[in-house]
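For reference, the structure is listed below as structure tokens.
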Amino acid sequence: MAVSRREFLKASAAATALMAIGAPVVKAAGSDGMDRWVKGVCRFCGTGCGVLVGVRGGKAVMVKGDPNNHNAGFLCLKGALMPPIIYAKERVTKPLIRKNGKLTPVSWDEALDYTAGKFKAVLKSDGPNAVAFYGSGQALTEETYLASKIFKAGLRCNNVEGNPRLCMASAVGGYVTTFGKDEPMGSYEDIDAATCFFIIGSNTSECHPILFKRIASRKQSDKNVKIIVVDPRKTNTARIADLHVSFKPGTDLAILNAMAYHIIQEELDNPRFHGRYVNFMNNKKEKVSFEDYQKFLADYTPEKAEALSGVPAATIRKMAQWFAESSATMSLWCMGINQRIRGVWANNLIHNLHLLTGKIGKPGSTPFSLTGQPNACGGVRDTGGLSHLLPAGRLIKKAEHRAEMEKLWGLAPGTINPKPGLHTVALYNALGQGKVKALLMLCTNPAHSLPNVNKHQAALARKDTFVCVIEAFRDAETLKFADVVLPPAFWCEREGVYGCSERRYSLISKAIDPPGQARPSVNILVDLAKRMGVDPKLVNFKNSAEVWDEWRAVARPTPYNFWGMTRERMRKESGIRWPCPDEKHPGTNIRYVRGEDPNIPKDHPRKYHFYGKPDGRAVIWLRPYKGAAEEPDAQYPFVLTTGRVIDHWHTGTMTMKVPELRKSFPKAYVELAAADAKKMGINNGDNVKLETRRDKMVFQARVSDVCRPGLVFVPFFDVHLLINKLTLDAFDPGSKQPEYKICAVRVSKV
Ligand code: SF4
């Protein structure tokens with residue numbers, strides 16, 4: 001029995017209206033008619049809002065915000081409009097094998113045996129480096145942990161990757177190189193205490209709406225709170241800024257160094273802090289002095305940065321001043337910083353500003369990367385679901401880490417392959433070259449989301465390549481290339497954990513049964529592994545709760561320790577932040593500070609202890625300016641950038657199924673600066689051709705003041721207008737994250 005359309009829309013509209021006026025969604029007792037409300041987490045962005053799923057007659061009919069999670073009952077429209085997605089007609093409900101070119105329903109036994117047979121054949125003929133797993137920041141923590149274990153421990157294959165490589169790898173690289181450990185030290189609570197927000201490369205209002213709401217509330221609560229938004233586009237986020245700084249795309253490194261220059265020039269730095277808790281290091285990883293750092297920064301006076309970036313020197317000084325003089329500064333960033341060929345360096349330079357001024361480890365003072373996906377942090381980063389990682393921050397290249405994991409997994413010494421596997425772009429290149437021949441994917445849509453996607457679609461289309469996808473929706477672009485499709489239980493149809501941007505793990509409880517023959521991915525992976533010949537002892541799990549318990553034990557000896565988050569406790573509470581070493585521990589708000597972080601003994605002699613580094617000191621890096629991989633030139637004079645819009649999630653396979661969201665943004669478009677449009681005689685709605693060195697496509701124009709002149713923007717949700725045919729797959733040499741945010745493009749009226 002489903003809720004009526006009218007009833008649903010009424011409830012959704014009420015939720016939205018309440019959100020807009022700033023009151024949490026509250027249940028009027030007895031008025032909702034639900035059989036029960038089941039606790040979970042939103043399926044979409046890295047904000048990780050807690051939800052309550054209203055179940056009636058065995059169906060999920062309504063979603064509202066969990067008042068006990070960090071979102072205090074608020075949701076954006078995407079989160080509130082989940083039910084139509086669950087019941088979409090495009091759900092895959094039976095296993096499918098491509099026969100005579102057509103995906104054809106088969107039994108589970110046939111699909112699993114066929115897939116396992118293909119993998120076994122490749123393993124036998126070409127060895128473990130010829131197979132691969134490609135996962136997702138939307139899979140459950142237990143699913144990614146298990147898949148990574150199956151491949152790394154069971155098949156001796158380190159080709160384990162996932163789409164977080166495309167969105168968060170540079171943030172990981174930034175945290176690890178600066179602090180020695182991944183993940184932010186702060187939390188969302190810092191938003192409520194910050195007096196200055198430095199938002200760079202993040203359109204928070206559209207990509208993390210509930211966090212944006214919290215930032216806006218903070219601003220409303222105190223007129224002295226300042227917001228700086230550094231973005232070449234004047235987004236909705238920029239519209240509440242006290243200072244919006246538009247700059248030439250790709251010059252952010254120069255701007256950040258110039259801010260550091262000014263902070264030191266004006267003696268706004270905090271020598272007590274950086275003298276005691278920081279090392280200075282050059283790009284050769286040599287320790288240098290504070291004076292060397294000053295000499296390095298002499299190349300980045302605000303005037304020199306102005307010449308590169310187009311940002312007036314006075315504006316750079318003002319930003320630096322606000323950053324350093326506020327009582328508590330919080331930096332927030334996302335893909336604009338990470339999706340760059342020097343994304344790790346850009347991350348380092350943001351951390352530098354906090355370490356230089358000592359604005360770190362105090363309420364409201366923290367660098368804080370925003371995560372794109374709901375479980376990129378908890379699932380892929382923490383469990384080691386990338387080709388160079390092992391669980392809980394351990395590295396494949398470190399012999400002691402491999403030995404530790406071999407012991408924990410009960411493997412013979414030397415089982416884990418010592419060579420890191422292929423990162424995402426390299427993996428799809430290897431697929432195109434016929435070096436990787438069998439690929440298992442879980443909950444991701446790379447035929448839409450990879451940059452320079454024509455090239456990678458051709459790789460997936462190779463006749464000698466076997467592709468098996470575990471995917472809920474038959475209209476995902478990647479299914480065009482699948483040999484086998486396995487139907488998973490989706491979202492609240494199974495139980496498991498998501499970990500959001502602030503190290504918070506929250507449980508999604510099972511609310512309803514999956515449709516048809518769909519099954520939890522944990523069970524699919526266990527069955528497949530056994531048929532592939534993986535030692536059954538390695539995958540002796542009946543459900544995700546058992547995987548969670550093993551993952552807790554594996555993380556326990558590390559600073560990720562969340563031993564205290566038992567399944568029983570997670571069922572009762574609405575999210576807990578790690579470290580959380582025992583069941584009585586409330587979770588950790590601020591890392592690296594004595595008295596706050598349980599990894600630091602209470603009698604430790606130093607207040608701040610960056611225990612990821614051998615001497616407990618974080619690093620201020622001397623990172624030079626480096627432009628984009630493909631700068632505009634006479635042939636391709638504009639910069640193309642891509643991103644999200646508020647009502648769509650990633651490749652649109654879910655949100656395009658919700659009529660309200662589809663109506664809001666029915667198709668992709670190109671956003672142009674009014675000045676550029678005028679020069680080219682382009683009006684709103686005109687057809688405009690975009691042409692890069694990879695491909696060309698036509699979009700309808702939206703002329704506005706959002707883009708700066710010389711920049712065009714296209715959202716990437718639309719499968720019918722696949723902008724990734726035009727983007728570039730150059731990547732950061734450190735993080736291997738591609739530079740989606742910048743490529744050169746020619747623009748013309750059709
Ligand atoms: S802000 Fe993100 S996590 Fe929260 S409801 Fe919206 S999409 Fe979901």
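Labeling convention for the structure tokens: chains A, B, ... as they appear, residues from 1 per chain, ligands from 1 in order of appearance.
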
(message) Just want the residues within 8 Å of ligand 1, written as a VMD selection string, counting only C-alpha atoms and all ligand atoms.
(response) chain A and resid 41 to 50 65 71 74 to 80 207 to 211 374 649

(request) Would you mind writing down, as an MDAnalysis selection string, each residue of range 139-301 of chain A that DSSP on the backbone assigns to helix (DSSP H, G or I)? (result) chainID A and resid 141:154 164:167 169:179 188:192 204:207 209:221 238:240 252:265 271:277 290:300

(message) Using only C-alpha atoms, can you tell me which of A:Tyr669, A:Trp491, A:Tyr505, A:Phe280 comes closest to Ile620 in chain A?
(response)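 Of the candidates, the smallest distance to Ile620 in chain A is held by A:Phe280.
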
(message) Need to verify the contact set: range 381-395 of chain A, 8 Å, only C-alpha atoms, exclusion of same-chain residues closer than 6 positions in sequence. Can you return it as a list of chain:residue names?
(response)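 Counting only C-alpha atoms, the residues come to A:Gly135, A:Thr141, A:Thr144, A:Tyr145, A:Ser148, A:Asn158, A:Asn159, A:Val160, A:Glu161, A:Gly162, A:Pro164, A:Arg165, A:Val172, A:Lys181, A:Asp182, A:His401, A:Arg402, A:Met405, A:Pro420, A:Gly421, A:Leu422, A:His423, A:Trp551, A:Val554, A:Ala555, A:Thr558, A:Pro559, A:Tyr560.
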
(message) List the spatial neighbours of Gly499 in chain A as a ChimeraX atom specification - criterion: any atom at most 7 Å away, only C-alpha atoms, same-chain residues fewer than 4 positions off excluded.
(response) /A:374-375,377-379,503-506

Would you put the residues from that selection into a file with N, CA and C atoms, as a PDB file, in the first residue's frame?
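This is the output file selection05.pdb:
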```
ATOM      1  N   PRO A 374      28.133  10.008  -0.130  1.00  0.00           N
ATOM      2  CA  PRO A 374      27.694   9.739   1.237  1.00  0.00           C
ATOM      3  C   PRO A 374      28.617   8.810   2.011  1.00  0.00           C
ATOM      4  N   ASN A 375      29.407   7.987   1.289  1.00  0.00           N
ATOM      5  CA  ASN A 375      30.257   7.039   2.021  1.00  0.00           C
ATOM      6  C   ASN A 375      31.637   6.906   1.384  1.00  0.00           C
ATOM      7  N   CYS A 377      34.146   8.607   2.549  1.00  0.00           N
ATOM      8  CA  CYS A 377      35.035   8.592   3.726  1.00  0.00           C
ATOM      9  C   CYS A 377      34.960   7.243   4.428  1.00  0.00           C
ATOM     10  N   GLY A 378      33.777   6.934   4.966  1.00  0.00           N
ATOM     11  CA  GLY A 378      33.640   5.722   5.771  1.00  0.00           C
ATOM     12  C   GLY A 378      33.856   4.452   4.978  1.00  0.00           C
ATOM     13  N   GLY A 379      33.411   4.446   3.723  1.00  0.00           N
ATOM     14  CA  GLY A 379      33.496   3.228   2.935  1.00  0.00           C
ATOM     15  C   GLY A 379      34.843   3.045   2.274  1.00  0.00           C
ATOM     16  N   ARG A 503      33.740  12.238   9.849  1.00  0.00           N
ATOM     17  CA  ARG A 503      34.149  10.989  10.526  1.00  0.00           C
ATOM     18  C   ARG A 503      32.975  10.353  11.268  1.00  0.00           C
ATOM     19  N   ARG A 504      31.771  10.670  10.874  1.00  0.00           N
ATOM     20  CA  ARG A 504      30.597  10.136  11.572  1.00  0.00           C
ATOM     21  C   ARG A 504      30.091   8.895  10.849  1.00  0.00           C
ATOM     22  N   TYR A 505      30.045   7.806  11.575  1.00  0.00           N
ATOM     23  CA  TYR A 505      29.432   6.586  11.041  1.00  0.00           C
ATOM     24  C   TYR A 505      27.988   6.517  11.526  1.00  0.00           C
ATOM     25  N   SER A 506      27.060   6.328  10.591  1.00  0.00           N
ATOM     26  CA  SER A 506      25.648   6.163  10.950  1.00  0.00           C
ATOM     27  C   SER A 506      25.126   4.903  10.266  1.00  0.00           C
TER      28      SER A 506
END
```

(request) Would you mind listing what lies within 8 Å of Ile350 in chain A as a PyMOL selection string, with only C-alpha atoms counted and same-chain residues fewer than 5 positions away left out? (result) chain A and resi 256+331+367

(message) Going by DSSP on the backbone, which residues of range 471-559 of chain A come out as strand (DSSP E or B)? List them as an NGL selection string.
(response) :A and (473 or 484-486 or 488 or 496-499 or 504-508 or 519)

(request) Would you mind listing what lies within 7 Å of Asn724 in chain A as a PyMOL selection string, with only C-alpha atoms counted and same-chain residues fewer than 5 positions away left out? (result) chain A and resi 449-453

(request) Just the residues within 12 Å of Asn599 in chain A, please, counting only C-alpha atoms, with nothing from its chain fewer than 2 positions along; format it as JSON, numbers by chain. (result) {"A": [556, 557, 558, 559, 560, 561, 562, 578, 579, 580, 581, 587, 588, 590, 591, 592, 593, 594, 595, 596, 597, 601, 602, 603, 604, 608, 609, 610, 611, 612]}

(message) I need the residue nearest Lys248 in chain A from this list: A:Lys530, A:Arg577, A:Arg708, A:Lys741. Use only C-alpha atoms for the distance.
(response)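 Among the listed residues, A:Arg708 lies closest to Lys248 in chain A.
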
(request) Would you please work out which residue, of A:Asn417, A:Ser289, A:Thr315, A:Gln321, is nearest to Gln265 in chain A when using only C-alpha atoms? (result)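 Counting only C-alpha atoms, the residue closest to Gln265 in chain A is A:Gln321.
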
(message) Report, in Å to a single decimal, how far apart CA of Leu479 in chain A and CA of Leu507 in chain A are.
(response) 29.1 Å

(message) Given only C-alpha atoms as the basis, pick out the residue of A:Phe713, A:Phe151, A:Phe466, A:Trp621 nearest to Ile742 in chain A.
(response)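 The answer is A:Phe713, which sits nearest to Ile742 in chain A.
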
(message) Report, in Å to a single decimal, how far apart CA of Phe731 in chain A and CA of Gly336 in chain A are.
(response) 13.9 Å

(message) So the first atom is CA of Ser221 in chain A and the second is CA of Thr195 in chain A; what is the distance between them in Å, to one decimal place?
(response)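 About the pair CA of Ser221 in chain A and CA of Thr195 in chain A: they are 10.7 Å apart.
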